[in-house]
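Below is data32.pdb, which holds PDB, C-alpha atoms, pLDDT in the B column.
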MODEL        1
ATOM      1  CA  MET A   1      -4.611 -16.458  23.843  1.00 65.00           C
ATOM      2  CA  PRO A   2      -3.464 -20.068  24.348  1.00 75.00           C
ATOM      3  CA  ASP A   3       0.186 -18.963  24.606  1.00 77.00           C
ATOM      4  CA  GLY A   4      -0.594 -16.642  27.533  1.00 78.00           C
ATOM      5  CA  GLU A   5      -0.077 -13.433  25.556  1.00 75.00           C
ATOM      6  CA  ARG A   6      -2.714 -10.840  24.795  1.00 72.00           C
ATOM      7  CA  LEU A   7      -4.037 -10.831  21.219  1.00 63.00           C
ATOM      8  CA  ASP A   8      -2.918  -7.207  20.829  1.00 67.00           C
ATOM      9  CA  SER A   9       0.520  -7.614  22.461  1.00 71.00           C
ATOM     10  CA  TYR A  10       3.330  -5.654  20.880  1.00 73.00           C
ATOM     11  CA  ARG A  11       5.395  -8.783  20.133  1.00 74.00           C
ATOM     12  CA  ARG A  12       2.492 -10.546  18.398  1.00 70.00           C
ATOM     13  CA  PHE A  13       1.346  -7.437  16.553  1.00 69.00           C
ATOM     14  CA  MET A  14       4.785  -6.529  15.191  1.00 73.00           C
ATOM     15  CA  ARG A  15       5.265  -9.978  13.634  1.00 75.00           C
ATOM     16  CA  TRP A  16       2.149  -9.384  11.552  1.00 80.00           C
ATOM     17  CA  PHE A  17       3.459  -6.252   9.803  1.00 85.00           C
ATOM     18  CA  SER A  18       6.526  -5.519   7.713  1.00 88.00           C
ATOM     19  CA  ASN A  19       8.060  -2.609   5.871  1.00 89.00           C
ATOM     20  CA  HIS A  20       9.097  -3.271   2.284  1.00 92.00           C
ATOM     21  CA  LEU A  21      11.913  -1.158   0.849  1.00 92.00           C
ATOM     22  CA  LEU A  22      12.287  -0.667  -2.896  1.00 91.00           C
ATOM     23  CA  VAL A  23      15.995  -1.063  -3.571  1.00 92.00           C
ATOM     24  CA  THR A  24      18.169  -2.090  -6.493  1.00 91.00           C
ATOM     25  CA  GLU A  25      20.880  -3.663  -4.319  1.00 95.00           C
ATOM     26  CA  MET A  26      20.967  -5.337  -0.903  1.00 95.00           C
ATOM     27  CA  THR A  27      23.269  -2.935   0.958  1.00 96.00           C
ATOM     28  CA  PRO A  28      22.842  -0.800   4.072  1.00 96.00           C
ATOM     29  CA  ALA A  29      23.352   2.328   1.939  1.00 96.00           C
ATOM     30  CA  ALA A  30      20.532   1.287  -0.431  1.00 95.00           C
ATOM     31  CA  PHE A  31      18.219   0.569   2.524  1.00 95.00           C
ATOM     32  CA  LYS A  32      18.920   3.990   4.062  1.00 96.00           C
ATOM     33  CA  ASP A  33      18.392   5.686   0.699  1.00 94.00           C
ATOM     34  CA  ALA A  34      15.004   3.960   0.234  1.00 94.00           C
ATOM     35  CA  LEU A  35      13.906   5.023   3.724  1.00 93.00           C
ATOM     36  CA  ARG A  36      15.182   8.577   3.279  1.00 93.00           C
ATOM     37  CA  ASN A  37      13.386   8.966  -0.060  1.00 93.00           C
ATOM     38  CA  GLY A  38      10.079   7.270   0.810  1.00 92.00           C
ATOM     39  CA  ARG A  39      10.449   4.235  -1.443  1.00 93.00           C
ATOM     40  CA  THR A  40       8.573   2.013   1.002  1.00 94.00           C
ATOM     41  CA  TYR A  41       5.265   0.365   1.684  1.00 94.00           C
ATOM     42  CA  VAL A  42       3.797  -1.374   4.735  1.00 93.00           C
ATOM     43  CA  VAL A  43       2.217  -4.849   4.601  1.00 94.00           C
ATOM     44  CA  ALA A  44      -0.065  -6.661   7.039  1.00 89.00           C
ATOM     45  CA  GLU A  45       1.843  -9.940   6.699  1.00 87.00           C
ATOM     46  CA  GLY A  46      -0.595 -11.789   8.961  1.00 82.00           C
ATOM     47  CA  ILE A  47      -2.871 -12.368   5.974  1.00 82.00           C
ATOM     48  CA  GLY A  48      -0.166 -13.139   3.419  1.00 87.00           C
ATOM     49  CA  THR A  49       3.054 -11.883   1.846  1.00 91.00           C
ATOM     50  CA  PRO A  50       2.426  -9.888  -1.343  1.00 94.00           C
ATOM     51  CA  ALA A  51       4.083 -10.369  -4.710  1.00 94.00           C
ATOM     52  CA  GLY A  52       3.667  -8.101  -7.709  1.00 94.00           C
ATOM     53  CA  PHE A  53       2.689  -4.860  -5.944  1.00 95.00           C
ATOM     54  CA  ASP A  54       4.016  -1.633  -7.442  1.00 95.00           C
ATOM     55  CA  PHE A  55       3.017   2.046  -7.408  1.00 97.00           C
ATOM     56  CA  TYR A  56       4.665   4.626  -9.666  1.00 96.00           C
ATOM     57  CA  ALA A  57       3.987   7.559 -11.990  1.00 96.00           C
ATOM     58  CA  GLU A  58       4.380   7.595 -15.756  1.00 97.00           C
ATOM     59  CA  THR A  59       5.221  11.122 -16.928  1.00 95.00           C
ATOM     60  CA  SER A  60       6.361  12.907 -20.073  1.00 92.00           C
ATOM     61  CA  ALA A  61       9.848  12.864 -18.470  1.00 93.00           C
ATOM     62  CA  GLY A  62       9.817   9.114 -17.755  1.00 94.00           C
ATOM     63  CA  VAL A  63       8.805   6.864 -14.861  1.00 95.00           C
ATOM     64  CA  LYS A  64       8.941   8.288 -11.320  1.00 95.00           C
ATOM     65  CA  ASP A  65       9.024   6.085  -8.222  1.00 92.00           C
ATOM     66  CA  LEU A  66       7.405   6.210  -4.832  1.00 93.00           C
ATOM     67  CA  GLY A  67       8.578   9.080  -2.676  1.00 93.00           C
ATOM     68  CA  GLN A  68       9.140  11.434  -5.582  1.00 94.00           C
ATOM     69  CA  THR A  69       7.584  14.816  -6.249  1.00 93.00           C
ATOM     70  CA  ILE A  70       6.330  15.394  -9.783  1.00 94.00           C
ATOM     71  CA  GLU A  71       5.354  18.618 -11.493  1.00 93.00           C
ATOM     72  CA  ALA A  72       1.748  18.610 -12.705  1.00 91.00           C
ATOM     73  CA  SER A  73       3.007  19.987 -16.027  1.00 90.00           C
ATOM     74  CA  LEU A  74       4.592  16.557 -16.702  1.00 92.00           C
ATOM     75  CA  ALA A  75       1.068  15.097 -17.078  1.00 91.00           C
ATOM     76  CA  PRO A  76       1.565  12.273 -14.550  1.00 94.00           C
ATOM     77  CA  LYS A  77      -0.419   9.064 -14.738  1.00 97.00           C
ATOM     78  CA  LEU A  78      -0.357   7.160 -11.457  1.00 97.00           C
ATOM     79  CA  VAL A  79      -0.182   3.375 -11.861  1.00 98.00           C
ATOM     80  CA  ALA A  80      -0.648   0.685  -9.197  1.00 97.00           C
ATOM     81  CA  LYS A  81      -0.087  -2.989  -9.950  1.00 97.00           C
ATOM     82  CA  LYS A  82      -2.317  -5.485  -8.204  1.00 96.00           C
ATOM     83  CA  PRO A  83      -0.522  -7.990  -5.936  1.00 95.00           C
ATOM     84  CA  HIS A  84      -1.291 -11.558  -4.923  1.00 94.00           C
ATOM     85  CA  VAL A  85      -0.199 -13.738  -2.015  1.00 93.00           C
ATOM     86  CA  VAL A  86       3.225 -15.241  -2.782  1.00 92.00           C
ATOM     87  CA  GLU A  87       2.164 -18.871  -2.349  1.00 89.00           C
ATOM     88  CA  TYR A  88      -1.267 -18.390  -3.967  1.00 88.00           C
ATOM     89  CA  PRO A  89      -1.178 -16.571  -7.347  1.00 86.00           C
ATOM     90  CA  GLY A  90      -4.965 -16.900  -7.721  1.00 88.00           C
ATOM     91  CA  THR A  91      -5.519 -14.566  -4.768  1.00 89.00           C
ATOM     92  CA  ALA A  92      -5.161 -11.438  -6.927  1.00 90.00           C
ATOM     93  CA  ALA A  93      -8.891 -11.756  -7.648  1.00 91.00           C
ATOM     94  CA  ASP A  94      -9.544 -10.988  -3.967  1.00 94.00           C
ATOM     95  CA  VAL A  95      -7.604  -7.687  -3.992  1.00 96.00           C
ATOM     96  CA  ARG A  96      -9.093  -4.212  -4.447  1.00 97.00           C
ATOM     97  CA  LEU A  97      -6.791  -1.228  -5.049  1.00 98.00           C
ATOM     98  CA  VAL A  98      -7.775   2.200  -3.727  1.00 98.00           C
ATOM     99  CA  LEU A  99      -5.971   5.399  -4.754  1.00 98.00           C
ATOM    100  CA  LYS A 100      -6.276   8.125  -2.124  1.00 97.00           C
ATOM    101  CA  ARG A 101      -5.354  11.809  -1.993  1.00 96.00           C
ATOM    102  CA  ILE A 102      -4.391  13.205   1.376  1.00 92.00           C
ATOM    103  CA  GLY A 103      -6.374  16.323   2.244  1.00 76.00           C
ATOM    104  CA  ASP A 104      -6.231  18.670   5.215  1.00 74.00           C
ATOM    105  CA  GLN A 105      -7.618  16.161   7.717  1.00 79.00           C
ATOM    106  CA  THR A 106      -8.743  13.181   5.662  1.00 82.00           C
ATOM    107  CA  ALA A 107      -7.739  10.946   2.789  1.00 87.00           C
ATOM    108  CA  GLU A 108     -10.259  11.125  -0.036  1.00 93.00           C
ATOM    109  CA  ILE A 109     -10.803   8.209  -2.397  1.00 95.00           C
ATOM    110  CA  VAL A 110      -9.810   9.201  -5.932  1.00 96.00           C
ATOM    111  CA  LYS A 111     -10.291   5.862  -7.683  1.00 97.00           C
ATOM    112  CA  GLU A 112     -10.852   2.176  -6.918  1.00 97.00           C
ATOM    113  CA  SER A 113     -10.109  -0.830  -9.088  1.00 96.00           C
ATOM    114  CA  ALA A 114     -10.533  -4.599  -8.955  1.00 95.00           C
ATOM    115  CA  GLY A 115      -7.581  -4.826 -11.367  1.00 94.00           C
ATOM    116  CA  ASP A 116      -4.464  -2.767 -11.955  1.00 97.00           C
ATOM    117  CA  LEU A 117      -5.227   0.895 -11.303  1.00 97.00           C
ATOM    118  CA  GLU A 118      -4.418   3.900 -13.506  1.00 97.00           C
ATOM    119  CA  ALA A 119      -5.386   7.522 -12.883  1.00 97.00           C
ATOM    120  CA  GLU A 120      -4.507  10.697 -14.746  1.00 94.00           C
ATOM    121  CA  GLY A 121      -5.614  14.312 -14.880  1.00 92.00           C
ATOM    122  CA  LEU A 122      -5.018  14.530 -11.132  1.00 93.00           C
ATOM    123  CA  ALA A 123      -5.037  17.662  -9.003  1.00 90.00           C
ATOM    124  CA  PRO A 124      -1.891  18.609  -7.125  1.00 91.00           C
ATOM    125  CA  GLY A 125      -1.618  16.714  -3.849  1.00 92.00           C
ATOM    126  CA  VAL A 126      -0.150  13.739  -2.034  1.00 95.00           C
ATOM    127  CA  TYR A 127      -1.326  10.341  -3.324  1.00 97.00           C
ATOM    128  CA  TYR A 128      -0.967   6.820  -1.968  1.00 97.00           C
ATOM    129  CA  VAL A 129      -2.498   3.398  -2.580  1.00 98.00           C
ATOM    130  CA  GLU A 130      -4.164   0.989  -0.203  1.00 97.00           C
ATOM    131  CA  ALA A 131      -4.604  -2.621  -1.232  1.00 97.00           C
ATOM    132  CA  ALA A 132      -7.648  -4.165   0.446  1.00 95.00           C
ATOM    133  CA  PHE A 133      -7.650  -7.953   0.550  1.00 93.00           C
ATOM    134  CA  THR A 134     -10.220 -10.613   1.370  1.00 93.00           C
ATOM    135  CA  PRO A 135      -8.208 -13.760   2.244  1.00 90.00           C
ATOM    136  CA  ASN A 136     -10.664 -16.285   0.801  1.00 92.00           C
ATOM    137  CA  TYR A 137      -7.808 -18.777   0.466  1.00 90.00           C
ATOM    138  CA  LEU A 138      -8.050 -19.218   4.265  1.00 88.00           C
ATOM    139  CA  ARG A 139     -11.698 -20.427   4.175  1.00 90.00           C
ATOM    140  CA  PRO A 140     -10.810 -24.164   4.059  1.00 90.00           C
ATOM    141  CA  LEU A 141      -8.987 -23.787   7.386  1.00 89.00           C
ATOM    142  CA  PHE A 142     -12.244 -23.119   9.269  1.00 90.00           C
ATOM    143  CA  LYS A 143     -14.535 -25.885  10.496  1.00 90.00           C
ATOM    144  CA  SER A 144     -17.753 -24.211   9.383  1.00 92.00           C
ATOM    145  CA  LYS A 145     -18.951 -21.647   6.874  1.00 92.00           C
ATOM    146  CA  ARG A 146     -20.381 -19.565   9.729  1.00 92.00           C
ATOM    147  CA  VAL A 147     -16.987 -19.274  11.423  1.00 89.00           C
ATOM    148  CA  ALA A 148     -15.244 -18.615   8.093  1.00 90.00           C
ATOM    149  CA  ASP A 149     -17.742 -15.834   7.300  1.00 90.00           C
ATOM    150  CA  GLN A 150     -17.004 -14.291  10.692  1.00 86.00           C
ATOM    151  CA  TYR A 151     -13.247 -14.104  10.144  1.00 85.00           C
ATOM    152  CA  VAL A 152     -12.702 -14.007   6.383  1.00 90.00           C
ATOM    153  CA  LYS A 153     -13.511 -10.416   5.541  1.00 91.00           C
ATOM    154  CA  GLU A 154     -11.797  -7.553   3.764  1.00 93.00           C
ATOM    155  CA  PHE A 155      -8.707  -6.114   5.471  1.00 90.00           C
ATOM    156  CA  THR A 156      -6.357  -3.320   4.494  1.00 92.00           C
ATOM    157  CA  TRP A 157      -3.304  -5.295   3.412  1.00 94.00           C
ATOM    158  CA  ILE A 158      -0.878  -2.731   1.975  1.00 96.00           C
ATOM    159  CA  TYR A 159      -0.291   0.991   2.554  1.00 95.00           C
ATOM    160  CA  SER A 160       2.045   2.431  -0.068  1.00 96.00           C
ATOM    161  CA  GLY A 161       4.407   5.326   0.315  1.00 95.00           C
ATOM    162  CA  ALA A 162       3.375   8.613  -1.300  1.00 96.00           C
ATOM    163  CA  ILE A 163       3.826  10.283  -4.657  1.00 96.00           C
ATOM    164  CA  ARG A 164       3.434  14.054  -4.647  1.00 94.00           C
ATOM    165  CA  ILE A 165       2.080  16.069  -7.555  1.00 94.00           C
ATOM    166  CA  ASN A 166       2.951  19.783  -7.374  1.00 90.00           C
ATOM    167  CA  ARG A 167       2.137  22.859  -9.373  1.00 74.00           C
ATOM    168  CA  ARG A 168       5.218  25.037  -9.837  1.00 66.00           C
ATOM    169  CA  ASP A 169       3.379  28.359  -9.261  1.00 54.00           C
ATOM    170  CA  ILE A 170       1.977  27.171  -5.894  1.00 50.00           C
ATOM    171  CA  ASP A 171       5.361  25.861  -4.776  1.00 50.00           C
ATOM    172  CA  ASP A 172       7.133  29.066  -5.825  1.00 53.00           C
ATOM    173  CA  TYR A 173       4.599  31.148  -3.895  1.00 47.00           C
ATOM    174  CA  PHE A 174       5.100  29.171  -0.691  1.00 51.00           C
ATOM    175  CA  GLY A 175       8.868  28.874  -1.191  1.00 54.00           C
ATOM    176  CA  ARG A 176       8.927  25.074  -1.511  1.00 52.00           C
TER     177      ARG A 176
ENDMDL
END
Give the structure from the file, written as C-alpha cells.
Amino acid sequence: MPDGERLDSYRRFMRWFSNHLLVTEMTPAAFKDALRNGRTYVVAEGIGTPAGFDFYAETSAGVKDLGQTIEASLAPKLVAKKPHVVEYPGTAADVRLVLKRIGDQTAEIVKESAGDLEAEGLAPGVYYVEAAFTPNYLRPLFKSKRVADQYVKEFTWIYSGAIRINRRDIDDYFGR
C-alpha cells in the first residue's frame, strides 16, 4: 500500500471493524453488562457506519433482546430492522438481511429479505442476522464503471449477536 503497510495488516484491519453494544446508559457497568449478556453486533465500518439496525424477538411475554434465551412456547417472532449508512439514508435499498440458524457445523439460511425481516414458527436453535450490503454510494468515487464494478460488490456488513430459542423438555433432559 502507498503508506508502506500491508493491506491486511492488523492495524489497518482493526480500524475497519467495530463492536456495537446495546446499552441504555453510557457507563462502564452498562458496557460490561451488554458484553456479558450478548447484546452486541459487529460492523465492517470500512464500508459505512450503520444506523437503524436492530434484532429482537417479539413473544407472548413481551420483547426480548439480543443475547436472550426464549422458550419456544412463547411463540417468538424474530424481527430484524434494516439499516442504512449514517450519512446516506438512501443506502437501505442496497442492504439484504439474512436470518441464519446455527447448526452442528454450519449456519443454515432460514430467511432473507430486501426489507425488514420477520420470521416465526421457528425450530429451537441459535439464530443471528447478517446484513449484506452493496455500497453503491461509492460508485462515483471510481474513475470508470469497469473499476467500480470490480470493487463495488456485496459484502457482509453486520453480524448480530444471537437469540436462542429453547424447548423446555429438551433443556430439562440435558440439564440446561
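For the choices A:Tyr88, A:Ile70, A:Ala44, A:Arg39, the atom-to-atom distance to Thr24 of chain A is smallest for A:Arg39 when using only C-alpha atoms.
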Can you give me, as JSON, numbers by chain, the residues this file yields under the PyMOL selection byres ((chain A and resi 54) around 12)? {"A": [20, 21, 22, 39, 40, 41, 50, 51, 52, 53, 55, 56, 57, 64, 65, 66, 78, 79, 80, 81, 82, 83, 84, 97, 116, 117, 118, 128, 129, 130, 131, 158, 159, 160, 161, 162]}
May I ask which of the residues A:Asp33, A:Asp149, A:Glu71, A:Glu108 is the closest one to Glu58 of chain A, counting all atoms listed in the file?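 Going through A:Asp33, A:Asp149, A:Glu71, A:Glu108 one by one, the smallest distance to Glu58 of chain A is for A:Glu71.
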Go through A:Ala107, A:Val42, A:Ala123, A:Val86 one by one, measure the shortest atom-to-atom distance of each to Met14 of chain A using all atoms listed in the file, and give the residue with the smallest value.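 Closest candidate: A:Val42.
Closest to Ala92 of chain A among A:Val63, A:Ala75, A:Ala114, A:Val147 is A:Ala114, based on all atoms listed in the file.
Atom CA of Gly103 of chain A sits 8.0 Å away from atom CA of Val126 of chain A.
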Just give me the gap between atom CA of Phe133 of chain A and atom CA of Val152 of chain A in Å, one decimal is fine. 9.8 Å
Record the distance separating atom CA of Gly121 of chain A and atom CA of Asn166 of chain A, expressed in Å with one decimal.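 Separation between atom CA of Gly121 of chain A and atom CA of Asn166 of chain A: 12.6 Å.
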Identify which of the residues A:Leu99, A:Leu138, A:Ala72, A:Val110 lies closest to Val85 of chain A, counting only C-alpha atoms when measuring atom-to-atom distances.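 Checking each of A:Leu99, A:Leu138, A:Ala72, A:Val110 against Val85 of chain A, counting only C-alpha atoms, the winner is A:Leu138.
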Would you mind telling me which residue in A:Glu112, A:Ala119, A:Ile47, A:Leu74 lies nearest to Tyr151 of chain A when using all atoms listed in the file?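 Of the candidates, the smallest distance to Tyr151 of chain A is held by A:Ile47.
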